[in-house]
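Text of model21.csv, listed as CSV, C-alpha atoms:
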```csv
chain,number,residue,atom,x,y,z
I,1,MET,CA,-15.5,15.5,10.8
I,2,ALA,CA,-15.3,12.6,8.3
I,3,GLU,CA,-14.8,9.3,10.1
I,4,LEU,CA,-15.4,6.3,7.9
I,5,VAL,CA,-16.3,2.9,9.5
I,6,LEU,CA,-16.6,-0.5,7.9
I,7,GLU,CA,-18.2,-3.2,10.0
I,8,GLY,CA,-18.0,-6.8,8.9
I,9,LEU,CA,-18.2,-5.8,5.2
I,10,SER,CA,-18.5,-8.8,2.9
I,11,LYS,CA,-19.2,-9.5,-0.8
I,12,ALA,CA,-20.0,-12.9,-2.3
I,13,TYR,CA,-20.5,-13.8,-6.0
I,14,GLY,CA,-22.3,-17.0,-5.8
I,15,ALA,CA,-20.1,-19.4,-3.7
I,16,VAL,CA,-17.0,-17.2,-4.0
I,17,TRP,CA,-16.3,-14.6,-1.4
I,18,ALA,CA,-14.5,-11.6,-2.9
I,19,VAL,CA,-14.5,-9.8,0.5
I,20,ARG,CA,-15.0,-11.5,3.8
I,21,ASP,CA,-15.7,-9.7,7.2
I,22,VAL,CA,-13.7,-6.6,6.6
I,23,SER,CA,-13.8,-4.2,9.6
I,24,LEU,CA,-11.8,-0.9,9.5
I,25,ALA,CA,-12.1,2.6,10.9
I,26,VAL,CA,-10.6,5.5,9.0
I,27,ALA,CA,-10.2,8.6,11.3
I,28,ASP,CA,-11.1,12.1,10.2
I,29,GLY,CA,-8.2,13.4,8.1
I,30,GLU,CA,-6.4,10.1,8.0
I,31,PHE,CA,-4.8,8.5,4.9
I,32,VAL,CA,-5.4,4.7,4.9
I,33,THR,CA,-4.3,2.4,2.1
I,34,LEU,CA,-5.8,-1.0,1.2
I,35,LEU,CA,-2.7,-2.9,0.0
I,36,GLY,CA,-2.6,-6.4,-1.5
I,37,PRO,CA,-2.1,-8.5,-4.6
I,38,SER,CA,-4.5,-8.6,-7.5
I,39,GLY,CA,-7.7,-10.3,-6.7
I,40,CYS,CA,-7.4,-9.8,-2.9
I,41,GLY,CA,-10.7,-7.8,-2.7
I,42,LYS,CA,-9.3,-4.3,-2.2
I,43,THR,CA,-11.0,-2.7,-5.2
I,44,THR,CA,-14.3,-4.5,-4.4
I,45,THR,CA,-14.1,-3.1,-0.9
I,46,LEU,CA,-13.5,0.5,-2.2
I,47,ARG,CA,-16.4,0.1,-4.7
I,48,MET,CA,-18.7,-1.0,-1.8
I,49,VAL,CA,-17.7,2.1,0.1
I,50,ALA,CA,-18.4,4.3,-3.0
I,51,GLY,CA,-21.8,2.7,-3.4
I,52,PHE,CA,-21.1,1.1,-6.8
I,53,ILE,CA,-21.4,-2.5,-5.4
I,54,ARG,CA,-24.1,-3.7,-3.0
I,55,PRO,CA,-22.5,-5.6,0.0
I,56,THR,CA,-23.6,-9.1,0.9
I,57,ALA,CA,-23.2,-8.4,4.6
I,58,GLY,CA,-21.9,-5.7,6.9
I,59,ARG,CA,-22.4,-1.9,7.4
I,60,ILE,CA,-20.7,1.3,6.2
I,61,VAL,CA,-21.0,4.4,8.4
I,62,LEU,CA,-19.8,7.9,7.7
I,63,ASP,CA,-19.8,10.3,10.7
I,64,GLY,CA,-22.6,8.3,12.3
I,65,ARG,CA,-24.7,8.3,9.1
I,66,LEU,CA,-25.6,4.8,7.9
I,67,LEU,CA,-24.7,4.5,4.2
I,68,SER,CA,-25.1,0.8,3.8
I,69,ALA,CA,-26.6,-2.0,5.9
I,70,VAL,CA,-27.8,-5.3,4.5
I,71,GLU,CA,-30.0,-6.1,7.5
I,72,GLY,CA,-31.9,-2.9,7.3
I,73,HIS,CA,-32.0,-2.7,3.5
I,74,VAL,CA,-30.1,0.6,3.5
I,75,MET,CA,-28.2,1.5,0.4
I,76,VAL,CA,-27.5,5.2,-0.1
I,77,PRO,CA,-26.7,5.9,-3.8
I,78,PRO,CA,-23.1,7.0,-4.7
I,79,GLU,CA,-24.1,10.6,-5.5
I,80,ARG,CA,-25.5,11.1,-2.0
I,81,ARG,CA,-22.6,9.7,0.0
I,82,GLY,CA,-20.5,12.8,0.0
I,83,MET,CA,-17.5,11.1,-1.5
I,84,GLY,CA,-15.2,11.7,-4.5
I,85,MET,CA,-13.6,8.9,-6.4
I,86,VAL,CA,-10.5,8.8,-8.7
I,87,PHE,CA,-10.4,5.7,-11.0
I,88,GLN,CA,-7.3,3.9,-12.4
I,89,SER,CA,-8.3,4.8,-16.0
I,90,TYR,CA,-8.8,8.5,-15.1
I,91,ALA,CA,-12.3,8.4,-16.8
I,92,VAL,CA,-12.0,11.9,-18.2
I,93,TRP,CA,-14.4,12.7,-21.1
I,94,PRO,CA,-12.4,13.2,-24.3
I,95,HIS,CA,-15.0,15.6,-25.9
I,96,MET,CA,-14.9,18.0,-22.9
I,97,THR,CA,-12.3,20.6,-22.0
I,98,VAL,CA,-10.4,20.4,-18.7
I,99,PHE,CA,-12.8,23.0,-17.2
I,100,ASP,CA,-15.9,21.2,-18.4
I,101,ASN,CA,-14.7,17.8,-17.1
I,102,VAL,CA,-14.1,19.3,-13.6
I,103,ALA,CA,-17.3,21.3,-13.7
I,104,TYR,CA,-19.6,18.5,-14.7
I,105,PRO,CA,-20.5,17.2,-11.2
I,106,LEU,CA,-21.5,20.7,-10.2
I,107,ARG,CA,-23.7,21.3,-13.2
I,108,VAL,CA,-25.4,17.9,-12.6
I,109,ALA,CA,-26.1,19.1,-9.1
I,110,GLY,CA,-27.8,22.2,-10.4
I,111,LEU,CA,-25.4,24.9,-9.0
I,112,SER,CA,-25.5,28.4,-10.5
I,113,ARG,CA,-23.1,29.4,-13.3
I,114,HIS,CA,-21.3,31.7,-10.9
I,115,GLU,CA,-20.8,28.9,-8.2
I,116,VAL,CA,-19.7,26.4,-10.9
I,117,ALA,CA,-17.1,28.8,-12.2
I,118,GLY,CA,-15.7,29.7,-8.8
I,119,ARG,CA,-15.5,26.2,-7.4
I,120,THR,CA,-14.1,24.7,-10.7
I,121,THR,CA,-11.4,27.4,-10.8
I,122,ARG,CA,-10.4,26.7,-7.2
I,123,ALA,CA,-10.3,22.9,-7.8
I,124,LEU,CA,-8.0,23.5,-10.9
I,125,GLU,CA,-5.7,25.7,-8.8
I,126,LEU,CA,-5.5,22.9,-6.1
I,127,VAL,CA,-4.0,20.6,-8.7
I,128,HIS,CA,-1.9,23.3,-10.6
I,129,LEU,CA,-4.0,23.1,-13.8
I,130,GLU,CA,-5.4,26.6,-13.8
I,131,GLY,CA,-3.5,27.5,-17.0
I,132,LEU,CA,-4.9,24.4,-18.9
I,133,ALA,CA,-8.7,24.9,-18.4
I,134,GLY,CA,-9.4,25.2,-22.1
I,135,GLN,CA,-7.3,22.2,-23.2
I,136,TYR,CA,-8.8,18.8,-24.2
I,137,PRO,CA,-7.6,15.5,-22.6
I,138,HIS,CA,-5.7,14.4,-25.8
I,139,GLN,CA,-3.6,17.5,-25.4
I,140,LEU,CA,-2.5,16.5,-21.9
I,141,SER,CA,0.1,14.2,-20.4
I,142,GLY,CA,-0.9,11.2,-18.3
I,143,GLY,CA,0.0,13.1,-15.2
I,144,GLN,CA,-2.1,16.1,-16.2
I,145,GLN,CA,-5.1,13.8,-17.0
I,146,GLN,CA,-4.8,12.3,-13.5
I,147,ARG,CA,-4.8,15.8,-12.0
I,148,VAL,CA,-8.0,16.5,-13.9
I,149,ALA,CA,-9.6,13.4,-12.4
I,150,LEU,CA,-8.4,14.5,-8.9
I,151,ALA,CA,-9.8,18.0,-9.4
I,152,ARG,CA,-13.2,16.6,-10.5
I,153,ALA,CA,-13.2,14.3,-7.4
I,154,LEU,CA,-12.5,17.3,-5.2
I,155,VAL,CA,-14.8,19.9,-6.8
I,156,ASN,CA,-17.8,18.8,-4.7
I,157,GLU,CA,-15.8,19.2,-1.5
I,158,PRO,CA,-16.3,15.6,-0.5
I,159,ALA,CA,-16.0,14.3,3.1
I,160,VAL,CA,-13.9,11.3,1.9
I,161,LEU,CA,-11.7,10.9,-1.2
I,162,LEU,CA,-11.5,7.3,-2.7
I,163,LEU,CA,-8.6,6.5,-5.0
I,164,ASP,CA,-8.4,3.2,-6.9
I,165,GLU,CA,-4.8,2.5,-8.2
I,166,PRO,CA,-4.7,6.1,-9.5
I,167,LEU,CA,-1.0,6.0,-10.5
I,168,SER,CA,-0.7,2.6,-12.1
I,169,ASN,CA,-0.9,3.9,-15.7
I,170,LEU,CA,1.9,6.5,-15.2
I,171,ASP,CA,5.6,5.9,-15.9
I,172,ALA,CA,8.0,5.6,-12.9
I,173,LYS,CA,9.1,9.2,-12.8
I,174,LEU,CA,5.6,10.6,-13.0
I,175,ARG,CA,4.3,8.1,-10.5
I,176,GLU,CA,6.9,9.3,-8.0
I,177,GLU,CA,6.0,12.9,-8.6
I,178,MET,CA,2.3,12.3,-8.3
I,179,ARG,CA,2.8,10.4,-5.0
I,180,PHE,CA,4.1,13.5,-3.4
I,181,GLU,CA,1.5,15.7,-5.0
I,182,ILE,CA,-1.3,13.6,-3.6
I,183,GLN,CA,0.3,13.5,-0.2
I,184,ASP,CA,0.7,17.3,-0.2
I,185,LEU,CA,-2.9,17.8,-1.4
I,186,GLN,CA,-4.3,15.5,1.3
I,187,ARG,CA,-2.4,17.3,4.0
I,188,ARG,CA,-3.4,20.8,2.8
I,189,LEU,CA,-7.1,19.8,2.6
I,190,ARG,CA,-7.0,17.6,5.7
I,191,ILE,CA,-9.3,15.3,3.9
I,192,THR,CA,-10.0,11.6,4.8
I,193,VAL,CA,-8.6,9.3,2.2
I,194,LEU,CA,-9.1,5.6,1.4
I,195,TYR,CA,-6.6,4.5,-1.2
I,196,VAL,CA,-6.1,1.2,-3.1
I,197,THR,CA,-2.8,0.0,-4.5
I,198,HIS,CA,-0.8,-3.2,-5.0
I,199,ASP,CA,2.4,-1.1,-4.9
I,200,GLN,CA,4.0,-1.4,-1.4
I,201,GLY,CA,6.3,1.6,-2.1
I,202,GLU,CA,3.4,3.8,-2.9
I,203,ALA,CA,1.6,2.6,0.3
I,204,MET,CA,4.6,3.2,2.5
I,205,VAL,CA,5.1,6.8,1.2
I,206,LEU,CA,1.5,8.0,1.3
I,207,SER,CA,-0.2,6.3,4.2
I,208,ASP,CA,-0.7,7.0,7.9
I,209,ARG,CA,-1.8,3.4,8.2
I,210,ILE,CA,-1.9,0.4,5.8
I,211,ALA,CA,-4.4,-2.4,5.8
I,212,VAL,CA,-2.9,-5.5,4.1
I,213,MET,CA,-5.4,-7.7,2.4
I,214,VAL,CA,-5.2,-11.3,1.1
I,215,SER,CA,-8.0,-13.6,0.0
I,216,GLY,CA,-10.7,-11.0,0.8
I,217,ARG,CA,-9.6,-10.4,4.4
I,218,ILE,CA,-7.5,-7.8,6.2
I,219,VAL,CA,-4.6,-9.6,7.8
I,220,GLN,CA,-2.8,-6.7,9.5
I,221,VAL,CA,-3.4,-2.9,10.0
I,222,GLY,CA,-0.8,-0.5,11.2
I,223,ALA,CA,1.6,2.3,10.4
I,224,PRO,CA,4.1,1.6,7.6
I,225,GLU,CA,7.0,1.3,10.1
I,226,GLU,CA,5.1,-1.2,12.2
I,227,LEU,CA,4.1,-3.4,9.3
I,228,TYR,CA,7.6,-3.4,7.9
I,229,GLU,CA,9.5,-4.0,11.1
I,230,ARG,CA,6.9,-6.3,12.9
I,231,PRO,CA,4.9,-8.0,10.1
I,232,ALA,CA,2.2,-10.3,11.5
I,233,ASP,CA,3.0,-13.2,9.3
I,234,PRO,CA,5.4,-14.2,6.4
I,235,PHE,CA,2.9,-13.0,3.8
I,236,VAL,CA,2.9,-9.5,5.1
I,237,ALA,CA,6.7,-9.6,5.5
I,238,SER,CA,7.2,-10.7,1.9
I,239,PHE,CA,4.7,-8.3,0.5
I,240,LEU,CA,6.2,-5.3,2.1
I,241,GLY,CA,9.7,-5.2,0.8
I,242,VAL,CA,12.3,-7.9,0.5
I,243,ALA,CA,12.6,-10.5,3.2
I,244,ASN,CA,14.9,-13.5,3.7
I,245,PHE,CA,13.2,-16.5,5.3
I,246,LEU,CA,15.4,-19.1,7.0
I,247,ARG,CA,14.2,-22.3,8.6
I,248,GLY,CA,15.5,-23.5,11.9
I,249,GLU,CA,14.8,-24.6,15.4
I,250,VAL,CA,14.8,-22.7,18.8
I,251,VAL,CA,17.5,-24.5,20.9
I,252,GLY,CA,17.5,-22.4,23.9
I,253,ALA,CA,17.4,-18.9,25.4
I,254,ASP,CA,20.2,-16.5,26.2
I,255,GLY,CA,19.8,-13.2,28.1
I,256,GLY,CA,16.3,-12.4,26.8
I,257,ALA,CA,17.1,-13.7,23.3
I,258,ALA,CA,16.2,-16.9,21.6
I,259,ARG,CA,19.0,-19.1,20.2
I,260,VAL,CA,18.1,-20.5,16.8
I,261,ARG,CA,20.0,-23.2,15.0
I,262,LEU,CA,19.4,-22.9,11.2
I,263,ASP,CA,18.8,-26.0,9.2
I,264,GLY,CA,22.1,-27.5,7.9
I,265,LEU,CA,24.3,-25.4,10.2
I,266,PRO,CA,26.1,-26.4,13.4
I,267,GLU,CA,24.6,-25.3,16.7
I,268,ALA,CA,27.8,-23.3,17.4
I,269,ASP,CA,26.7,-20.9,14.6
I,270,SER,CA,23.2,-20.3,16.2
I,271,LEU,CA,21.6,-16.9,15.9
I,272,ARG,CA,20.6,-14.8,18.8
I,273,VAL,CA,17.2,-13.2,18.2
I,274,PRO,CA,16.1,-10.7,20.9
I,275,GLY,CA,12.6,-11.1,22.5
I,276,ALA,CA,10.2,-13.9,23.1
I,277,ALA,CA,10.1,-16.7,20.7
I,278,PRO,CA,7.9,-19.7,19.9
I,279,ALA,CA,9.3,-23.1,20.8
I,280,GLY,CA,10.4,-25.7,18.3
I,281,ARG,CA,10.5,-25.2,14.6
I,282,VAL,CA,10.6,-21.6,13.4
I,283,LEU,CA,10.9,-19.4,10.3
I,284,VAL,CA,13.3,-16.6,10.7
I,285,CYS,CA,12.5,-13.4,8.8
I,286,VAL,CA,15.5,-11.1,8.2
I,287,ARG,CA,15.4,-7.9,6.0
I,288,PRO,CA,18.5,-7.5,3.8
I,289,GLU,CA,19.4,-4.3,5.6
I,290,ALA,CA,19.2,-6.1,9.0
I,291,LEU,CA,22.2,-8.2,8.0
I,292,ALA,CA,25.7,-6.9,8.5
I,293,CYS,CA,29.2,-8.0,7.6
I,294,ASP,CA,30.9,-8.7,10.9
I,295,PRO,CA,34.1,-10.8,11.5
I,296,ASP,CA,32.5,-12.2,14.6
I,297,GLY,CA,29.1,-12.9,13.1
I,298,PRO,CA,27.7,-16.4,13.4
I,299,LEU,CA,26.8,-16.9,9.8
I,300,ARG,CA,29.6,-18.0,7.4
I,301,GLY,CA,28.8,-17.4,3.7
I,302,GLN,CA,30.1,-16.8,0.2
I,303,VAL,CA,29.0,-14.1,-2.1
I,304,VAL,CA,27.4,-15.6,-5.2
I,305,ARG,CA,25.9,-12.5,-6.8
I,306,ARG,CA,26.8,-8.8,-6.8
I,307,THR,CA,24.3,-6.2,-8.2
I,308,TYR,CA,25.1,-2.5,-8.6
I,309,LEU,CA,22.0,-0.3,-7.8
I,310,GLY,CA,23.5,3.2,-8.0
I,311,SER,CA,22.7,4.2,-4.4
I,312,GLY,CA,24.1,0.9,-3.1
I,313,LEU,CA,24.8,-2.7,-3.8
I,314,ASP,CA,22.7,-5.8,-3.5
I,315,TYR,CA,24.4,-9.1,-2.7
I,316,LEU,CA,23.3,-12.7,-2.7
I,317,VAL,CA,25.2,-14.8,-0.2
I,318,ALA,CA,25.1,-18.6,0.2
I,319,VAL,CA,25.1,-19.6,3.9
I,320,GLY,CA,25.2,-23.4,4.0
I,321,PRO,CA,21.9,-24.6,2.3
I,322,HIS,CA,20.4,-21.1,2.6
I,323,THR,CA,20.7,-18.0,0.4
I,324,VAL,CA,20.2,-14.5,1.7
I,325,ARG,CA,20.0,-11.0,0.3
I,326,LEU,CA,22.4,-8.5,1.9
I,327,ALA,CA,22.0,-4.8,1.3
I,328,GLY,CA,25.2,-2.8,1.2
I,329,GLY,CA,26.0,0.9,1.0
I,330,PRO,CA,28.7,2.3,-1.4
I,331,ASP,CA,31.4,1.6,1.3
I,332,LEU,CA,30.7,-2.2,1.3
I,333,ASP,CA,32.6,-3.6,-1.7
I,334,LEU,CA,32.4,-7.4,-1.9
I,335,ARG,CA,33.3,-9.6,-4.8
I,336,VAL,CA,31.7,-12.7,-6.1
I,337,GLY,CA,33.4,-15.7,-4.5
I,338,GLU,CA,34.5,-13.7,-1.4
I,339,GLU,CA,34.0,-15.4,2.0
I,340,VAL,CA,32.1,-13.3,4.5
I,341,ARG,CA,30.7,-13.6,8.0
I,342,LEU,CA,27.3,-12.1,8.8
I,343,ALA,CA,25.5,-10.9,11.9
I,344,VAL,CA,21.8,-10.5,12.2
I,345,ARG,CA,20.9,-7.2,13.7
I,346,ARG,CA,17.1,-7.6,13.7
I,347,ALA,CA,14.8,-10.5,12.9
I,348,VAL,CA,11.2,-11.8,13.5
I,349,LEU,CA,10.4,-15.4,14.3
I,350,TYR,CA,7.3,-17.3,13.2
I,351,PRO,CA,6.2,-20.8,14.1
I,352,GLU,CA,6.8,-23.1,11.2
I,353,THR,CA,3.4,-24.3,10.1
I,354,SER,CA,1.7,-25.3,6.9
I,355,ALA,CA,0.9,-21.6,6.3
I,356,THR,CA,4.5,-20.5,6.6
I,357,THR,CA,5.7,-23.4,4.5
I,358,SER,CA,3.8,-22.1,1.5
I,359,SER,CA,4.8,-18.4,1.9
I,360,GLY,CA,8.1,-18.6,3.7
I,361,ARG,CA,11.1,-18.8,1.3
I,362,SER,CA,14.4,-17.1,0.7
I,363,ALA,CA,14.0,-13.9,-1.3
I,364,THR,CA,16.4,-14.3,-4.2
```
Could you write out this file's structure as structure tokens?
Amino acid sequence: MAELVLEGLSKAYGAVWAVRDVSLAVADGEFVTLLGPSGCGKTTTLRMVAGFIRPTAGRIVLDGRLLSAVEGHVMVPPERRGMGMVFQSYAVWPHMTVFDNVAYPLRVAGLSRHEVAGRTTRALELVHLEGLAGQYPHQLSGGQQQRVALARALVNEPAVLLLDEPLSNLDAKLREEMRFEIQDLQRRLRITVLYVTHDQGEAMVLSDRIAVMVSGRIVQVGAPEELYERPADPFVASFLGVANFLRGEVVGADGGAARVRLDGLPEADSLRVPGAAPAGRVLVCVRPEALACDPDGPLRGQVVRRTYLGSGLDYLVAVGPHTVRLAGGPDLDLRVGEEVRLAVRRAVLYPETSATTSSGRSAT
């Protein structure tokens, strides 16, 4: 078992809180990603888990074993935590061969030559580098160097694997390939993973659950589908994919759905949004793929931009004072200047507050 628990984890640098009251449980064999913009505290959190940074407050527990607790002055050093870490910069030693890079932790631990050879060979086989054991880092591609770093993190058979933006230095094609390799490796080993990234596509592909962070705090935790379809607030909605934000007012209810009049549009063109809704002023969040061209749709608009994306088309449509992104498949062929009517198939409503005013805007 390798359950990792963070309880009220915090880190302050003087008067500035980099991480504030983070609590999270990562189940045995689960892949959890800390996702957020630069400076949100995700890497600081990971480094506290690894033991590289001493927390200001809170506890870190692995399988009931206390690794860090400020109140009890407990701080288990990194090498005794049973964790492996992969850094953004790979951190492979240029003067060592692939084999020696991966074997290094085992030699430091004092294992026999036979044990070092066997475990290093197995680790290289896991990441498909067994034929490159004698090569040096400068002879490898970026993806191969990242596999070396993965093998070195796994060679000690850690209870938890920590990964800090491990794919950010790779080109787009390699990054996509490595996503699936990491996912396959994690499933084969059934290892507990805590992963850090600012790339929402990466998080959606890899994770069992995602913890979205902003300003040092976790604002929502859930499965990728839950966060995408039911974001807790406009920040989460805008950070995970593209979102249209439309301001309006709830003017009534109709058969289990709220009727929302958008600003600048007549009440006759009100939207029906299924489910409970806050009263008064609201922010309507609609994903581009949740809009559909419909001759009976309530929204009347005009196409102002058409972008070809290969697998589909992306349209920008002016609807009164609003602009919305509309996702279209190859069979939807609209032209700039064309009049359209749109229906909303799915939306989320938020009360319009000072918080939504700053983060809620049309995605253009």
Closest pair table for stretch 149-193 of chain I residues within 10 Å of stretch 14-28 of chain I, only C-alpha atoms, as CSV:
```
residue,atom,partner,partner_atom,distance
I:Ala159,CA,I:Asp28,CA,8.9
I:Val160,CA,I:Asp28,CA,8.8
I:Arg190,CA,I:Asp28,CA,8.2
I:Ile191,CA,I:Asp28,CA,7.3
I:Thr192,CA,I:Asp28,CA,5.5
I:Val193,CA,I:Val26,CA,8.0
```
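For I:Arg281, the list of residues within 6 Å, based on all atoms listed in the file and with local chain neighbours fewer than 2 positions off taken out, reads I:Gly248, I:Glu249, I:Glu352.
Using only C-alpha atoms for every distance, the candidate list I:Gly58, I:Ala69, I:Val236, I:Ala277 yields I:Ala277 as the residue closest to I:Gly256.
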*asked:* Just the number, please: distance in Å from atom CA of I:Leu35 to atom CA of I:Gln200, one decimal.
replied: 7.0 Å
*Tell me which protein, DNA and RNA residues are within 10 Å of stretch 175-180 of chain I, counting all atoms listed in the file, leaving out same-chain ones fewer than 2 positions away, and put them as a ChimeraX atom specification.*
/I:142-144,146-147,166-173,182-186,201-203,205-206
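Atom CA of I:Glu30 is positioned 18.0 Å from atom CA of I:Ile218.
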_Among listed residues I:Val251, I:Val304, I:Val286, I:Leu66, nearest I:Leu349 (using all atoms listed in the file)_ =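 Of the candidates, the smallest distance to I:Leu349 is held by I:Val286.
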